[in-house]
Amino acid sequence: MKALVMISHGDLSQLKVTEVLEPDVTQPGHVRVRLRAAALNHLDLWSLRGLPGLEFSFPHILGADGAGEIDQVGEGVTTVARGDRVMINPGVPCYHCEYCLGGEHPLCADFKLLGEHLQGTLAEYVVLPEHNVALIPTPPSPHSDIAWSEAAAYSLVTITAWRMLVTRAQLRPGELVLIWGIGGGVSGAALMIAKHLGARAIVTSSSDEKLDGARQMGADLALNHAKDDVVKEVRAYTGKRGVDVVVENVGEATWEHSLRLLAKKGRLVTCGATTGPRAVADIRRMFWNQWTVMGSTMGSHSEYREIARLLGQGHLRPLVDSVHPLSDALAAFKRLESGEQFGKVVVEVGG
């Protein structure tokens, strides 16, 4: 089968579209998906450059997100059948440890991600547990017009943002949330989820064009963090009160600002550290204001079923920035690497 692989760590020159061995279903409870589209994430760039403590066998197929049709089913599969249109949950736990049995799949000690620990979705076929696919709405559903590109773009960022805001931070209607770096996948999904929940949202970006897009999505205040003093502007906007929730995935560059902008009993939830993993905090202000700082990674099986249900009702439909054929997947990676995208960059895999 054709696949986009990395042949070694390094820059984009290490990516290649080539023929690799086609996988078959060999385990009970697993299915094979004939992929129609796959979406890129910054995880793909980090994997390409090399992740500390993680060794790859080359060639390695990148790609976490994807959507396609079930074309093989293993023994005991009951939830899907051949021909079903599905989207893929990239997080694969063991499904039988204490955390998995308790419904906390992302805490599984054997938790793996497609495209990182496992062969990914930038290929014509991928094999994974049946629990890791969800049906895409089909006729006569009123929301059956979901394109392959949208279905492929949905899962990773939406389940990540959902767990951050709903499960961890427990964002409530009327509360105010600050979202750094709008235009990125998780931040865009977080804005849609916040508005879906009835919350108010402040977003930031260094691109005025992305800020205009965020306003169209319902952002209540949009700030250019390359030009504006975000701390000063947010404190003025809130009458020095601060925000109830901060969605963090930047890390060192924004961490102290994020804490300064939390209201009393505010919650900071983080899923990443793109500018560095070391952060500074004034512990005195933390206990005096009774802040909660929490981490969040991916989501559980039940959370994935919930976001799939919402998509079926027409909610949280993802933004697609651009679509590229597999033969020109390098252009998709260049678009992602440029940071100019607003929404998800998608690769068409199958016809």
# chains A, B, ... in the order shown; residues from 1 in each chain; ligands from 1
>>> residues_around(residues="A:Ala331", least_positions_apart="5", cutoff="10 Å", atoms="only C-alpha atoms", output="mmCIF file with N, CA, C and O atoms, in the first residue's frame")
data_model
loop_
_atom_site.group_PDB
_atom_site.id
_atom_site.type_symbol
_atom_site.label_atom_id
_atom_site.label_comp_id
_atom_site.auth_asym_id
_atom_site.auth_seq_id
_atom_site.Cartn_x
_atom_site.Cartn_y
_atom_site.Cartn_z
ATOM 1 N N LEU A 12 11.863 18.053 6.861
ATOM 2 C CA LEU A 12 10.868 17.517 5.933
ATOM 3 C C LEU A 12 11.466 16.680 4.810
ATOM 4 O O LEU A 12 10.754 15.923 4.162
ATOM 5 N N VAL A 323 -6.708 20.991 2.019
ATOM 6 C CA VAL A 323 -6.709 19.560 1.715
ATOM 7 C C VAL A 323 -5.682 19.310 0.612
ATOM 8 O O VAL A 323 -5.671 20.008 -0.405
ATOM 9 N N HIS A 324 -4.824 18.303 0.810
ATOM 10 C CA HIS A 324 -3.747 17.998 -0.124
ATOM 11 C C HIS A 324 -3.781 16.516 -0.485
ATOM 12 O O HIS A 324 -4.079 15.676 0.366
ATOM 13 N N PRO A 325 -3.450 16.154 -1.717
ATOM 14 C CA PRO A 325 -3.385 14.735 -2.073
ATOM 15 C C PRO A 325 -2.174 14.080 -1.421
ATOM 16 O O PRO A 325 -1.172 14.745 -1.112
ATOM 17 N N LEU A 326 -2.258 12.767 -1.218
ATOM 18 C CA LEU A 326 -1.135 12.034 -0.625
ATOM 19 C C LEU A 326 0.138 12.216 -1.434
ATOM 20 O O LEU A 326 1.236 12.308 -0.873
ATOM 21 N N LEU A 336 1.646 23.124 7.594
ATOM 22 C CA LEU A 336 1.595 22.981 9.049
ATOM 23 C C LEU A 336 2.812 23.628 9.698
ATOM 24 O O LEU A 336 2.689 24.353 10.691
ATOM 25 N N GLU A 337 3.976 23.397 9.133
ATOM 26 C CA GLU A 337 5.212 23.924 9.703
ATOM 27 C C GLU A 337 5.255 25.451 9.648
ATOM 28 O O GLU A 337 5.843 26.096 10.523
ATOM 29 N N VAL A 345 -4.972 20.853 8.702
ATOM 30 C CA VAL A 345 -4.414 20.532 7.405
ATOM 31 C C VAL A 345 -4.662 19.034 7.157
ATOM 32 O O VAL A 345 -4.303 18.199 7.981
ATOM 33 N N VAL A 347 -4.821 15.511 4.519
ATOM 34 C CA VAL A 347 -4.268 14.798 3.371
ATOM 35 C C VAL A 347 -5.291 13.791 2.874
ATOM 36 O O VAL A 347 -5.799 12.968 3.661
#
>>> select_by_dssp(residues="stretch 205-237 of chain A", states="alpha helix (DSSP H)", output="list in words")
Asp208, Glu209, Lys210, Leu211, Asp212, Gly213, Ala214, Arg215, Gln216, Val230, Val231, Lys232, Glu233, Val234, Arg235, Ala236 and Tyr237 of chain A
>>> closest_residue(among="A:Ala308, A:Ala169, A:Ile7, A:Leu113", to="A:Leu268", atoms="only C-alpha atoms")
A:Ala169
>>> closest_residue(among="A:Arg49, A:Arg36, A:Lys344, A:His60", to="A:Ser155", atoms="only C-alpha atoms")
A:Lys344
>>> residues_around(residues="A:Arg82", least_positions_apart="4", cutoff="8 Å", atoms="only C-alpha atoms", output="ChimeraX atom specification")
/A:69-73
>>> closest_residue(among="A:Asp328, A:Asp44, A:Asp208, A:Asp321", to="A:Ala64", atoms="only C-alpha atoms")
A:Asp44
>>> select_by_dssp(residues="stretch 161-339 of chain A", states="strand (DSSP E)", output="PyMOL selection string")
chain A and resi 176-179+200-205+221-224+243-248+262-270+292-295+320-325
>>> atom_distance(atom1="atom CA of A:Val234", atom2="atom CA of A:Ile159")
27.4 Å
